[in-house]
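Q: So that we are looking at the same thing, I have put the structure below in structure tokens.
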Amino acid sequence: MAENGAAAYKAEPEKFARMARMNSWKRKKAAGLPIRRLGHIYPCEYRDRDGERGKGCKGRYKLTNPRRKFCENCSLLRKTNRSRERYRNITKAALREIIKTSTSEPPTREGSPSQQP
Ligand SMILES: [Zn+2]
């Protein structure tokens, strides 16, 4: 049975992908979750800290990827924000390590980003 299933899947992978999409769509509908369909136009959900739209926001985007939430310009903004956050976290962790390891000496400020509000 399992082998038959695997063989059937190998023969028509697209059909099974379509069935999986349909089933996930049905589950979402039954659970009352919002349904997002590929190729449709959705409003951009990117908002910065102040709740404003991003700079150069197109306002809407075509869903090409199920996880997509932002327009082209805002996804770029989002990426840069994330990388900045990651960098900040890494440097913070590094500083903490330095403080832990060198209890007698004050931590060196080399490599730390300038603290600007
Ligand atoms: Zn946008």
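Identifiers in this document derive from the order of the structure tokens: chains are assigned A, B, ..., residues are numbered from 1 separately in each chain, and ligands are numbered from 1 in order of occurrence.
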Using 10 Å as the limit and counting only C-alpha atoms and all ligand atoms, can you tabulate each residue of chain A that touches ligand 1, with its shortest atom-to-atom distance in Å and the two atoms involved, as CSV?

A:
```
residue,atom,partner,partner_atom_place_in_ligand_line,distance
A:Pro43,CA,ligand 1,1 (Zn),7.8
A:Cys44,CA,ligand 1,1 (Zn),4.6
A:Glu45,CA,ligand 1,1 (Zn),6.6
A:Tyr46,CA,ligand 1,1 (Zn),5.5
A:Arg47,CA,ligand 1,1 (Zn),8.0
A:Arg53,CA,ligand 1,1 (Zn),6.5
A:Gly54,CA,ligand 1,1 (Zn),5.9
A:Lys55,CA,ligand 1,1 (Zn),8.0
A:Gly56,CA,ligand 1,1 (Zn),7.3
A:Cys57,CA,ligand 1,1 (Zn),3.8
A:Lys58,CA,ligand 1,1 (Zn),5.1
A:Gly59,CA,ligand 1,1 (Zn),5.0
A:Arg60,CA,ligand 1,1 (Zn),6.4
A:Tyr61,CA,ligand 1,1 (Zn),7.7
A:Lys69,CA,ligand 1,1 (Zn),8.7
A:Phe70,CA,ligand 1,1 (Zn),5.2
A:Cys71,CA,ligand 1,1 (Zn),4.3
A:Glu72,CA,ligand 1,1 (Zn),6.8
A:Asn73,CA,ligand 1,1 (Zn),5.9
A:Cys74,CA,ligand 1,1 (Zn),4.4
A:Ser75,CA,ligand 1,1 (Zn),7.3
A:Leu76,CA,ligand 1,1 (Zn),9.4
A:Leu77,CA,ligand 1,1 (Zn),8.9
A:Arg78,CA,ligand 1,1 (Zn),9.7
```

Q: Write down as number ranges by chain the residues of chain A whose backbone DSSP state falls under alpha helix (DSSP H).

A: A: 2-11, 13-31, 72-101

Q: Leaving out Pro66 (chain A) and any residue of its chain fewer than 4 positions from it, which residues lie within 8 Å of it when counting only C-alpha atoms, given as a list in words?

A: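 The contact residues come out as Arg36, Arg37 and Leu38 of chain A.
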
Q: Okay, now the selection with C-alpha atoms, as a short mmCIF file (atom, residue, chain, number, x, y, z; two decimals), in the first residue's frame?

A:
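Output file selection_31.cif follows:
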```cif
data_model
loop_
_atom_site.label_atom_id
_atom_site.label_comp_id
_atom_site.auth_asym_id
_atom_site.auth_seq_id
_atom_site.Cartn_x
_atom_site.Cartn_y
_atom_site.Cartn_z
CA ARG A 36 -4.43 33.74 0.69
CA ARG A 37 -4.26 32.56 -2.88
CA LEU A 38 -1.22 32.67 -5.11
#
```

Q: Counting only C-alpha atoms, which residue out of A:Ala31, A:Ile41, A:Ala7, A:Arg18 sits closest to Lys62 (chain A)?

A: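 Among the listed residues, A:Ile41 lies closest to Lys62 (chain A).
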
Q: Quote the spacing between CA of Lys28 (chain A) and CA of Ala8 (chain A) in Å to one decimal place.

A: 26.2 Å

Q: Rounded to one decimal, what separation in Å do you get between CA of Arg82 (chain A) and CA of Ile98 (chain A)?

A: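 CA of Arg82 (chain A) sits 24.4 Å away from CA of Ile98 (chain A).
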
Q: Step one, run DSSP on the backbone; step two, keep only residues of chain A assigned to strand (DSSP E or B); then write them as a list in words.

A: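 Answer for chain A, restricted to strand (DSSP E or B): Ile41, Tyr42, Pro43, Arg60, Tyr61 and Lys62 of chain A.
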